[in-house]
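Data first, discussion second: the structure below is written as structure tokens.
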Amino acid sequence: MTILLTGAGGFLGLNIVEALLAHAIPCVAVNDRPLPPEFSTRPGLTIEIADVRDRAAMAAILQRHDIQGIIHAAAVTLAPTSRMTGADTAFDVNAVSTAVLLDEARKVGVARFVYPSSTAVYGAALYDGTPITEDTPPRPVSVYGYTKLASERLVAETAKSYGSSCVCARITALFGPHERETTTRDMMSLPFQMAQQAMTGKPTVLPAGLQRDWTSSRDVAEALLHLATAPKLEAELYNLGIGAPWNPALLAGHLAVAFPTWQAGIGKPDGSDSTLTLHDDPSQARQPLIATRFERDFGFLFRTPDMACRDYIQWLQSCTNDPVPTPIRTPAIHHPTRDFVGYGPNPPDPRWPGGARIAVNIVVNYEEGAEESFGDGDALSEGGLTEGGGGAFTGRDLGAETMFEYGSRVGVWRLFRLLQQAGVPATVFGCAQALERNPQVAEAIRANGWDVCAHGDRWVRHQMLDAATEQRAIARAFDVIGTLCGEPPAGWYCRYAPSLRTRQLIADHGGFLYDSDSYADELPYWTQVGERDHLVIPYSLTLNDGKFARGNTATAGQFFEFLRDSFDLLYEEGETQPRMMNIGLHCRLMGHPGRALALQRFLRHIQSREKVWICRRVDIARHWMQEHPPKPD
């Protein structure tokens, strides 16, 4: 489907553009001026320069493009003492344009109309001490709030009169990527102001006790995408927000790490000595928007404040057009010392729970949609671990694409069913972009209580990345997976191979318990990364269905026998030296019925034995940390 987005060059608009393109949804971006240069050549994006109040122009755009959905994000914010625009302009842009677009969209049969409204609609109710739900009566106190409420009423009336599928989303205060000073926004968020002062080295004074429910602009963009593309809507109105207030001192802590010469302090509760332009009385508690209805209907989770702050910092440091250079501090390259001895002939007793003789971890690699693809702007189509035998094709390889699609459409669900029927836990090596493109898989992971080991943002060769790009890729994978799956990934495993600095970056990130970028052992082990102890849980490419793609294995029987024989020897050795067994599966390989039988047979085989611990990878990590903590120097 193709989405028409108005206000595409605004703060929220640019985030929506990125979300649409990330999901490979074509976007017709309408704005009254060109978009930033970095958006001008994005595949899947068509830019139309027009005034949303111009009926003829909007009608012509709708006629030129086959539009299935509209997100009408064009708006003029209006502070009480605005010097940028008057109430008449705000009313025209916010309300009149909505009436025009609703009418023209109805004429051409647009299937869905999404209207991003504002917390300003609630107005005085925000300070009544009661959490704000969709049932809270609107009590706007500003011109901006009244214009948004008027537009909501227009949307509701259109839906009622013509049976159109329309929905309004009341959005709380945002912060995050793409916020900048424009001629249509005169209320810059406090997080943005803090970031600007940090980048320029200006000391910042925060009001004591200030808390607001600032929410990631990227999350709200994703939420609006859900509303625009959902086959059916359960409601006509949704609140969008994190649902809980937080103190900007959290962001200050992250900024202080990124910009070590910057200073921030706490001032008076009333903000009279603050260096920030305040939107309201900081000493007055403002209630957050409760988004339970949206989270329930769409299985959506907003980033935590810490995750949103990390994402914002990473974006700030990635910008090449900032007036102040903000380079990422490059970590020292970690040159690992090769260890040919390991535990030697007397490995430690892992003391697996219940006196188990072996710990078995089933790994499902969920990668489909994250591979190199001509459609994603790559110069080639990846064929790795497919029936085509691997390699890559310069240009678009439709055969390889559909083999990957089989994994996400069919194979993943067959593997999940077999694991569920056996009642065993699993670990998903998940690529962030793959999970973004099939959120039902993320929901199934969450529902089953399985854990995720981050398998990268998408398929890139980390050995070829510079430090800043690799750091951003790791941070984005961590945040996206945490948001989609309900818990952040506990571990990390590169798709191809790690760079010399990957382990250092994983350790420095602070959110990971371990990495699995090693094939060196059958037990976890500790290593030194700088001055930090770091846990490694080795993986296996031997006990791996990649053998099917490489021609080493042809039938389920062969693979089952190989797994069974490996398990049986490890189980026998486990009487005196318990070990760990990794089994790596891929949805586009093991997900085929003639191969999935091997998994079914293997699970029945190991479940027939006593003292077998079938576990998640995070369980192994936590167990090892408790039973075998790093030895002091």
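We name chains A, B, ... following the order of the structure tokens; residues begin at 1 in each chain, and ligands are numbered from 1 as shown.
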Exercise. Write out as a ChimeraX atom specification which residues come within 12 Å of A:Leu523 when counting only C-alpha atoms, dropping same-chain ones fewer than 3 positions away.
Key: /A:342-344,347-352,358-361,516,518-520,526,535-540,570,577-582,617,620-621,623-624,628
DSSP on the backbone: which residues in stretch 155-242 of chain A end up as helix (DSSP H, G or I)? Give the answer as a short mmCIF file (atom, residue, chain, number, x, y, z; two decimals) with C-alpha atoms, in the first residue's frame.
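Written output follows (selection22.cif):
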data_model
loop_
_atom_site.label_atom_id
_atom_site.label_comp_id
_atom_site.auth_asym_id
_atom_site.auth_seq_id
_atom_site.Cartn_x
_atom_site.Cartn_y
_atom_site.Cartn_z
CA VAL A 155 -12.55 13.38 11.41
CA ALA A 156 -15.20 11.77 13.62
CA GLU A 157 -18.04 13.38 11.65
CA THR A 158 -16.60 12.15 8.35
CA ALA A 159 -16.35 8.62 9.70
CA LYS A 160 -19.94 8.76 10.96
CA SER A 161 -21.47 10.34 7.86
CA TYR A 162 -19.65 8.39 5.15
CA LEU A 190 13.29 20.44 26.80
CA PRO A 191 15.32 17.37 25.72
CA PHE A 192 16.13 19.16 22.44
CA GLN A 193 17.18 22.30 24.29
CA MET A 194 19.38 20.23 26.62
CA ALA A 195 21.03 18.52 23.64
CA GLN A 196 21.73 21.84 21.95
CA GLN A 197 23.32 23.25 25.08
CA ALA A 198 25.36 20.08 25.58
CA MET A 199 26.68 20.18 22.00
CA THR A 200 27.65 23.84 22.30
CA SER A 217 9.36 10.32 18.35
CA ARG A 218 10.37 7.09 16.64
CA ASP A 219 7.92 5.10 18.75
CA VAL A 220 5.04 7.44 17.97
CA ALA A 221 5.90 7.26 14.26
CA GLU A 222 5.76 3.45 14.46
CA ALA A 223 2.45 3.66 16.30
CA LEU A 224 0.94 5.87 13.60
CA LEU A 225 2.16 3.41 10.98
CA HIS A 226 0.26 0.66 12.84
CA LEU A 227 -2.89 2.77 12.75
CA ALA A 228 -2.48 3.45 9.04
CA THR A 229 -1.91 -0.16 8.01
#
Quiz prompt | strand (DSSP E) call set, DSSP backbone run, stretch 401-485 of chain A, as a PyMOL selection string | solution = chain A and resi 427-430+451-454
Quick one: write out the picked residues with C-alpha atoms as a tab-separated table (two decimals), in the first residue's frame?
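For reference, result-v7.tsv as written:
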chain	number	residue	atom	x	y	z
A	427	THR	CA	16.57	-18.65	22.19
A	428	VAL	CA	16.00	-16.53	19.11
A	429	PHE	CA	19.01	-15.04	17.37
A	430	GLY	CA	16.99	-12.10	16.10
A	451	ASP	CA	14.87	-14.81	25.06
A	452	VAL	CA	16.58	-12.97	22.24
A	453	CYS	CA	20.25	-12.75	21.43
A	454	ALA	CA	20.73	-9.74	19.13
Quiz prompt | Counting only C-alpha atoms, the option among A:Gly546, A:Pro498, A:Gly271, A:Gly594 closest to A:Gly456 | solution =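 For A:Gly456, the nearest of the candidates is A:Pro498.
The space separating atom CA of A:Gln558 from atom CA of A:Pro593 comes to 14.6 Å.
All residues of protein, DNA or RNA that reach within 8 Å of stretch 295-308 of chain A, judged by only C-alpha atoms and not counting those fewer than 2 positions away in the chain, are Gly176, Trp214, Thr215, Ser216, Asp219, Ala223, His226, Glu234, Gly241, Ile242, Trp246, Leu250, Leu251, Ala291, Thr292, Arg293, Arg310, Asp311, Tyr312, Glu443, Asp479, Gly482, Thr483, Leu484 and Gly486 of chain A.
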Selected residues written out with C-alpha atoms, as an mmCIF file, in the first residue's frame:
data_model
loop_
_atom_site.group_PDB
_atom_site.id
_atom_site.type_symbol
_atom_site.label_atom_id
_atom_site.label_comp_id
_atom_site.auth_asym_id
_atom_site.auth_seq_id
_atom_site.Cartn_x
_atom_site.Cartn_y
_atom_site.Cartn_z
ATOM 1 C CA GLY A 176 14.100 12.324 19.584
ATOM 2 C CA TRP A 214 8.440 12.672 27.047
ATOM 3 C CA THR A 215 8.096 9.861 24.522
ATOM 4 C CA SER A 216 10.332 8.735 21.659
ATOM 5 C CA ASP A 219 7.915 5.098 18.747
ATOM 6 C CA ALA A 223 2.445 3.658 16.302
ATOM 7 C CA HIS A 226 0.258 0.664 12.842
ATOM 8 C CA GLU A 234 -10.841 -1.524 17.327
ATOM 9 C CA GLY A 241 2.658 8.041 25.059
ATOM 10 C CA ILE A 242 4.991 6.210 27.387
ATOM 11 C CA TRP A 246 10.493 10.829 34.118
ATOM 12 C CA LEU A 250 18.272 10.846 33.102
ATOM 13 C CA LEU A 251 18.969 12.395 29.712
ATOM 14 C CA ALA A 291 -1.808 4.367 26.165
ATOM 15 C CA THR A 292 -3.102 1.035 27.487
ATOM 16 C CA ARG A 293 -5.776 0.845 24.784
ATOM 17 C CA ARG A 310 20.207 6.202 24.328
ATOM 18 C CA ASP A 311 18.584 6.213 20.901
ATOM 19 C CA TYR A 312 18.470 10.008 20.830
ATOM 20 C CA GLU A 443 4.917 -11.059 19.881
ATOM 21 C CA ASP A 479 16.656 -0.757 21.423
ATOM 22 C CA GLY A 482 13.805 -4.497 23.452
ATOM 23 C CA THR A 483 10.822 -2.500 22.256
ATOM 24 C CA LEU A 484 9.360 -5.239 20.053
ATOM 25 C CA GLY A 486 9.285 -6.617 25.689
#
Self-check item: Counting only C-alpha atoms, the option among A:Ala256, A:Glu18, A:Cys587, A:Ile506 closest to A:Leu45
Solution: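 Distance minimum relative to A:Leu45 lands on A:Glu18.
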Please identify all polymer residues within 9 Å of A:Ala75, counting only C-alpha atoms, omitting same-chain residues fewer than 5 positions from it, and present them as a compact mmCIF listing (two decimals) with C-alpha atoms, in the first residue's frame.
# COMPACT_ATOMS: atom_id res chain seq x y z
CA THR A 6 1.39 15.57 5.05
CA GLY A 7 3.79 17.64 7.12
CA GLY A 10 8.35 18.31 10.27
CA ALA A 90 -2.84 27.99 12.89
CA VAL A 93 -3.32 24.75 8.69
CA ASN A 94 -4.60 22.63 11.56
CA ALA A 95 -8.36 22.60 10.89
CA LYS A 148 -6.69 20.05 17.20
CA THR A 184 6.16 26.10 12.22
CA ARG A 185 7.37 25.09 15.71
Quiz prompt | Interatomic distance (Å, one decimal) between atom CA of A:Met403 and atom CA of A:Asn544 | solution = 18.5 Å
Quiz prompt | All residues 12 Å or closer to A:Thr542, only C-alpha atoms, same chain fewer than 5 positions away omitted, as a PyMOL selection string | solution = chain A and resi 519-520+522+547-548+550+552-553+559+562-563+566+581-585
Can you write just those residues out, N, CA and C atoms, as a short mmCIF file (atom, residue, chain, number, x, y, z; two decimals), in the first residue's frame?
data_model
loop_
_atom_site.label_atom_id
_atom_site.label_comp_id
_atom_site.auth_asym_id
_atom_site.auth_seq_id
_atom_site.Cartn_x
_atom_site.Cartn_y
_atom_site.Cartn_z
N TYR A 519 33.39 -19.85 18.80
CA TYR A 519 33.07 -21.27 18.59
C TYR A 519 34.10 -22.13 19.32
N ALA A 520 34.73 -21.56 20.36
CA ALA A 520 35.96 -22.12 20.90
C ALA A 520 35.77 -23.13 22.02
N GLU A 522 32.85 -25.72 24.71
CA GLU A 522 31.54 -26.30 24.99
C GLU A 522 31.02 -25.86 26.34
N LYS A 547 24.19 -27.08 7.32
CA LYS A 547 24.70 -28.23 6.56
C LYS A 547 23.79 -28.54 5.36
N PHE A 548 22.49 -28.25 5.49
CA PHE A 548 21.59 -28.49 4.37
C PHE A 548 21.95 -27.60 3.19
N ARG A 550 24.80 -26.21 2.55
CA ARG A 550 26.16 -26.44 2.03
C ARG A 550 26.30 -27.80 1.36
N ASN A 552 26.12 -30.74 2.78
CA ASN A 552 26.70 -31.78 3.63
C ASN A 552 25.65 -32.74 4.16
N THR A 553 24.40 -32.29 4.16
CA THR A 553 23.30 -33.09 4.70
C THR A 553 22.13 -32.97 3.74
N PHE A 559 20.43 -35.50 9.55
CA PHE A 559 20.64 -34.43 10.53
C PHE A 559 20.26 -34.91 11.93
N PHE A 562 22.99 -37.07 13.33
CA PHE A 562 24.15 -36.28 13.74
C PHE A 562 23.89 -35.60 15.08
N LEU A 563 22.70 -35.01 15.24
CA LEU A 563 22.35 -34.38 16.51
C LEU A 563 22.27 -35.42 17.63
N SER A 566 25.74 -36.67 18.65
CA SER A 566 26.45 -35.62 19.40
C SER A 566 25.92 -35.55 20.83
N MET A 581 25.30 -27.88 24.87
CA MET A 581 25.07 -28.24 23.47
C MET A 581 24.23 -27.15 22.81
N ASN A 582 24.79 -26.51 21.77
CA ASN A 582 24.07 -25.51 20.99
C ASN A 582 23.54 -26.14 19.71
N ILE A 583 22.30 -25.87 19.37
CA ILE A 583 21.75 -26.34 18.10
C ILE A 583 21.20 -25.13 17.36
N GLY A 584 21.77 -24.83 16.19
CA GLY A 584 21.38 -23.66 15.42
C GLY A 584 20.46 -24.01 14.26
N LEU A 585 19.29 -23.33 14.22
CA LEU A 585 18.28 -23.59 13.19
C LEU A 585 17.93 -22.30 12.47
#
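Residue neighbourhood of A:His534, excluding near-sequence residues (fewer than 2 positions): Arg503, Gln504, Ile506, Ala507, Phe512, Leu513, Tyr514, Asp515, Tyr525, Trp526, Thr527, Gln528, Val529, Gly530, Glu531, Arg532, Val536 and Pro630 of chain A, at 10 Å, using only C-alpha atoms.
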Selected residues, C-alpha atoms, written as a CSV table (one decimal), in the first residue's frame, please.
chain,number,residue,atom,x,y,z
A,503,ARG,CA,33.4,-7.2,21.8
A,504,GLN,CA,34.7,-3.9,23.2
A,506,ILE,CA,29.3,-4.8,23.4
A,507,ALA,CA,31.0,-4.5,26.7
A,512,PHE,CA,24.4,-7.1,27.3
A,513,LEU,CA,25.2,-10.0,29.6
A,514,TYR,CA,27.3,-11.9,27.1
A,515,ASP,CA,28.3,-12.4,23.4
A,525,TYR,CA,34.0,-18.7,29.7
A,526,TRP,CA,35.2,-15.3,31.0
A,527,THR,CA,37.5,-13.0,29.0
A,528,GLN,CA,39.0,-9.6,29.7
A,529,VAL,CA,37.9,-6.7,27.6
A,530,GLY,CA,40.0,-3.7,28.7
A,531,GLU,CA,39.6,-3.7,32.5
A,532,ARG,CA,36.2,-5.4,32.4
A,536,VAL,CA,31.3,-15.5,26.3
A,630,PRO,CA,35.0,-14.1,37.2
